[in-house]
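A.B. asks: I'm passing along final.pdb; it holds PDB, C-alpha atoms, pLDDT in the B column.
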```pdb
ATOM      1  CA  MET A   1      -6.047   2.722  17.172  1.00 61.00           C
ATOM      2  CA  MET A   2      -6.534  -0.055  14.617  1.00 66.00           C
ATOM      3  CA  LEU A   3      -8.736   2.227  12.546  1.00 70.00           C
ATOM      4  CA  LEU A   4      -5.786   4.591  12.325  1.00 72.00           C
ATOM      5  CA  ALA A   5      -3.600   1.713  11.106  1.00 69.00           C
ATOM      6  CA  LEU A   6      -6.222   0.794   8.500  1.00 71.00           C
ATOM      7  CA  ILE A   7      -5.997   4.319   7.142  1.00 78.00           C
ATOM      8  CA  VAL A   8      -2.306   5.213   7.605  1.00 80.00           C
ATOM      9  CA  PHE A   9      -0.482   2.152   6.209  1.00 74.00           C
ATOM     10  CA  PRO A  10      -2.354   1.971   2.880  1.00 74.00           C
ATOM     11  CA  MET A  11      -2.127   5.759   2.504  1.00 82.00           C
ATOM     12  CA  LEU A  12       1.646   5.641   2.974  1.00 81.00           C
ATOM     13  CA  ALA A  13       1.891   2.920   0.357  1.00 77.00           C
ATOM     14  CA  ILE A  14      -0.276   4.973  -2.026  1.00 80.00           C
ATOM     15  CA  LEU A  15       1.991   7.972  -1.491  1.00 87.00           C
ATOM     16  CA  ALA A  16       4.973   5.758  -2.282  1.00 81.00           C
ATOM     17  CA  LEU A  17       3.190   4.662  -5.469  1.00 80.00           C
ATOM     18  CA  LEU A  18       2.691   8.282  -6.487  1.00 85.00           C
ATOM     19  CA  GLY A  19       6.379   8.935  -5.862  1.00 85.00           C
ATOM     20  CA  LEU A  20       7.353   5.963  -8.013  1.00 81.00           C
ATOM     21  CA  ILE A  21       5.052   7.116 -10.795  1.00 83.00           C
ATOM     22  CA  ALA A  22       6.566  10.607 -10.616  1.00 86.00           C
ATOM     23  CA  CYS A  23      10.096   9.197 -10.879  1.00 85.00           C
ATOM     24  CA  ALA A  24       9.347   6.573 -13.525  1.00 81.00           C
ATOM     25  CA  PRO A  25      10.153   7.125 -17.177  1.00 85.00           C
ATOM     26  CA  GLU A  26       7.064   7.944 -19.241  1.00 82.00           C
ATOM     27  CA  HIS A  27       7.282   4.836 -21.418  1.00 85.00           C
ATOM     28  CA  ASP A  28       7.765   2.388 -18.514  1.00 81.00           C
ATOM     29  CA  VAL A  29       5.374   3.489 -15.745  1.00 81.00           C
ATOM     30  CA  GLY A  30       3.754   0.052 -15.422  1.00 81.00           C
ATOM     31  CA  ARG A  31       7.010  -1.621 -14.474  1.00 83.00           C
ATOM     32  CA  TYR A  32       7.421   0.826 -11.610  1.00 78.00           C
ATOM     33  CA  ALA A  33       3.785   0.990 -10.507  1.00 80.00           C
ATOM     34  CA  LEU A  34       2.899  -2.724 -10.422  1.00 84.00           C
ATOM     35  CA  PRO A  35       5.103  -3.624  -7.412  1.00 81.00           C
ATOM     36  CA  ALA A  36       3.741  -0.619  -5.518  1.00 76.00           C
ATOM     37  CA  ILE A  37       0.157  -1.638  -6.293  1.00 80.00           C
ATOM     38  CA  ARG A  38       0.885  -5.147  -5.038  1.00 85.00           C
ATOM     39  CA  THR A  39       2.418  -3.671  -1.881  1.00 79.00           C
ATOM     40  CA  VAL A  40      -0.681  -1.551  -1.259  1.00 76.00           C
ATOM     41  CA  ALA A  41      -2.897  -4.607  -1.651  1.00 82.00           C
ATOM     42  CA  LEU A  42      -0.710  -6.696   0.651  1.00 84.00           C
ATOM     43  CA  LEU A  43      -0.546  -4.011   3.350  1.00 77.00           C
ATOM     44  CA  ALA A  44      -4.287  -3.435   3.184  1.00 77.00           C
ATOM     45  CA  ALA A  45      -5.028  -7.146   3.474  1.00 85.00           C
ATOM     46  CA  ALA A  46      -2.565  -7.573   6.345  1.00 84.00           C
ATOM     47  CA  THR A  47      -3.957  -4.655   8.354  1.00 79.00           C
ATOM     48  CA  VAL A  48      -7.528  -5.850   7.827  1.00 82.00           C
ATOM     49  CA  PHE A  49      -6.527  -9.353   8.961  1.00 87.00           C
ATOM     50  CA  VAL A  50      -4.756  -8.084  12.072  1.00 83.00           C
ATOM     51  CA  ALA A  51      -7.653  -5.776  12.929  1.00 80.00           C
ATOM     52  CA  ALA A  52     -10.110  -8.667  12.557  1.00 84.00           C
ATOM     53  CA  VAL A  53      -8.010 -10.997  14.722  1.00 88.00           C
ATOM     54  CA  TRP A  54      -7.404  -8.442  17.480  1.00 82.00           C
ATOM     55  CA  SER A  55     -11.016  -7.278  17.590  1.00 77.00           C
ATOM     56  CA  HIS A  56     -12.201 -10.633  18.963  1.00 73.00           C
TER      57      HIS A  56
END
```
Could you write out this file's structure as structure tokens?

C.D. replies:
Amino acid sequence: MMLLALIVFPMLAILALLGLIACAPEHDVGRYALPAIRTVALLAAATVFVAAVWSH
């Protein structure tokens, strides 16, 4: 089950990033993408931490 969480949560955040990039103006993509990239990193780190804690 945790393996599913390790795959699903970051993938959902990546899909959200792609949606933000699609909606962002061409000259200002970085301003829209940077918060989404930080969210992906935070979700990935949190799911890895929880999986590591619960696996013991």

A.B. asks: For CA of Leu20 (chain A) and CA of Ala41 (chain A), determine how far apart the two atoms are, in Å to one decimal place.

C.D. replies: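 Taking CA of Leu20 (chain A) and CA of Ala41 (chain A), their separation equals 16.0 Å.
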
A.B. asks: Which of these residues is nearest to Ile14 (chain A), using all atoms listed in the file: A:Ala46, A:Val29, A:Ile37, A:Val53?

C.D. replies: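 Checking each candidate against Ile14 (chain A), we get A:Ile37 as the closest.
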
A.B. asks: Care to translate the PyMOL selection byres ((chain A and resi 3) around 12) into actual residues of this file, as a list of chain:residue names?

C.D. replies: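 For this structure, the PyMOL selection byres ((chain A and resi 3) around 12) captures A:Met1, A:Met2, A:Leu4, A:Ala5, A:Leu6, A:Ile7, A:Val8, A:Phe9, A:Pro10, A:Ala44, A:Thr47, A:Val48, A:Val50, A:Ala51, A:Ala52, A:Trp54, A:Ser55.
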
A.B. asks: Around all the atoms of region 21-32 of chain A listed in the file, with 3 Å of room on each side, what axis-aligned box do you get, giving centre and edge lengths in Å to one decimal, as lines of an AutoDock Vina configuration file?

C.D. replies:
```
center_x = 7.0
center_y = 4.5
center_z = -16.0
size_x = 12.4
size_y = 18.2
size_z = 16.8
```

A.B. asks: The PyMOL selection byres ((chain A and resi 21) around 12) on the file shown: which residues, as a CSV table (one decimal) with C-alpha atoms, in the coordinates of the input?

C.D. replies:
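The new file out.csv reads:
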```csv
chain,number,residue,atom,x,y,z
A,14,ILE,CA,-0.3,5.0,-2.0
A,15,LEU,CA,2.0,8.0,-1.5
A,16,ALA,CA,5.0,5.8,-2.3
A,17,LEU,CA,3.2,4.7,-5.5
A,18,LEU,CA,2.7,8.3,-6.5
A,19,GLY,CA,6.4,8.9,-5.9
A,20,LEU,CA,7.4,6.0,-8.0
A,22,ALA,CA,6.6,10.6,-10.6
A,23,CYS,CA,10.1,9.2,-10.9
A,24,ALA,CA,9.3,6.6,-13.5
A,25,PRO,CA,10.2,7.1,-17.2
A,26,GLU,CA,7.1,7.9,-19.2
A,27,HIS,CA,7.3,4.8,-21.4
A,28,ASP,CA,7.8,2.4,-18.5
A,29,VAL,CA,5.4,3.5,-15.7
A,30,GLY,CA,3.8,0.1,-15.4
A,31,ARG,CA,7.0,-1.6,-14.5
A,32,TYR,CA,7.4,0.8,-11.6
A,33,ALA,CA,3.8,1.0,-10.5
A,34,LEU,CA,2.9,-2.7,-10.4
A,35,PRO,CA,5.1,-3.6,-7.4
A,36,ALA,CA,3.7,-0.6,-5.5
A,37,ILE,CA,0.2,-1.6,-6.3
```

A.B. asks: Could you add the missing atoms to region 8-23 of chain A, up to N, CA and C atoms, and return them as a PDB file, keeping the file's coordinate frame?

C.D. replies:
```pdb
ATOM      1  N   VAL A   8      -3.667   4.682   7.780  1.00 80.00           N
ATOM      2  CA  VAL A   8      -2.306   5.213   7.605  1.00 80.00           C
ATOM      3  C   VAL A   8      -1.442   4.328   6.711  1.00 80.00           C
ATOM      4  N   PHE A   9      -1.394   3.014   6.972  1.00 74.00           N
ATOM      5  CA  PHE A   9      -0.482   2.152   6.209  1.00 74.00           C
ATOM      6  C   PHE A   9      -0.810   2.120   4.718  1.00 74.00           C
ATOM      7  N   PRO A  10      -2.070   1.920   4.323  1.00 74.00           N
ATOM      8  CA  PRO A  10      -2.354   1.971   2.880  1.00 74.00           C
ATOM      9  C   PRO A  10      -2.107   3.358   2.278  1.00 74.00           C
ATOM     10  N   MET A  11      -2.377   4.412   3.034  1.00 82.00           N
ATOM     11  CA  MET A  11      -2.127   5.759   2.504  1.00 82.00           C
ATOM     12  C   MET A  11      -0.634   5.999   2.279  1.00 82.00           C
ATOM     13  N   LEU A  12       0.199   5.512   3.174  1.00 81.00           N
ATOM     14  CA  LEU A  12       1.646   5.641   2.974  1.00 81.00           C
ATOM     15  C   LEU A  12       2.099   4.870   1.740  1.00 81.00           C
ATOM     16  N   ALA A  13       1.528   3.703   1.542  1.00 77.00           N
ATOM     17  CA  ALA A  13       1.891   2.920   0.357  1.00 77.00           C
ATOM     18  C   ALA A  13       1.400   3.603  -0.913  1.00 77.00           C
ATOM     19  N   ILE A  14       0.234   4.232  -0.858  1.00 80.00           N
ATOM     20  CA  ILE A  14      -0.276   4.973  -2.026  1.00 80.00           C
ATOM     21  C   ILE A  14       0.614   6.176  -2.318  1.00 80.00           C
ATOM     22  N   LEU A  15       1.060   6.860  -1.280  1.00 87.00           N
ATOM     23  CA  LEU A  15       1.991   7.972  -1.491  1.00 87.00           C
ATOM     24  C   LEU A  15       3.303   7.489  -2.099  1.00 87.00           C
ATOM     25  N   ALA A  16       3.769   6.328  -1.680  1.00 81.00           N
ATOM     26  CA  ALA A  16       4.973   5.758  -2.282  1.00 81.00           C
ATOM     27  C   ALA A  16       4.734   5.440  -3.757  1.00 81.00           C
ATOM     28  N   LEU A  17       3.545   4.927  -4.066  1.00 80.00           N
ATOM     29  CA  LEU A  17       3.190   4.662  -5.469  1.00 80.00           C
ATOM     30  C   LEU A  17       3.232   5.950  -6.285  1.00 80.00           C
ATOM     31  N   LEU A  18       2.667   7.009  -5.759  1.00 85.00           N
ATOM     32  CA  LEU A  18       2.691   8.282  -6.487  1.00 85.00           C
ATOM     33  C   LEU A  18       4.115   8.782  -6.697  1.00 85.00           C
ATOM     34  N   GLY A  19       4.972   8.569  -5.702  1.00 85.00           N
ATOM     35  CA  GLY A  19       6.379   8.935  -5.862  1.00 85.00           C
ATOM     36  C   GLY A  19       7.065   8.108  -6.932  1.00 85.00           C
ATOM     37  N   LEU A  20       6.770   6.816  -6.973  1.00 81.00           N
ATOM     38  CA  LEU A  20       7.353   5.963  -8.013  1.00 81.00           C
ATOM     39  C   LEU A  20       6.862   6.361  -9.396  1.00 81.00           C
ATOM     40  N   ILE A  21       5.589   6.691  -9.506  1.00 83.00           N
ATOM     41  CA  ILE A  21       5.052   7.116 -10.795  1.00 83.00           C
ATOM     42  C   ILE A  21       5.701   8.426 -11.232  1.00 83.00           C
ATOM     43  N   ALA A  22       5.936   9.325 -10.277  1.00 86.00           N
ATOM     44  CA  ALA A  22       6.566  10.607 -10.616  1.00 86.00           C
ATOM     45  C   ALA A  22       8.004  10.417 -11.084  1.00 86.00           C
ATOM     46  N   CYS A  23       8.695   9.432 -10.528  1.00 85.00           N
ATOM     47  CA  CYS A  23      10.096   9.197 -10.879  1.00 85.00           C
ATOM     48  C   CYS A  23      10.275   8.274 -12.085  1.00 85.00           C
TER      49      CYS A  23
END
```
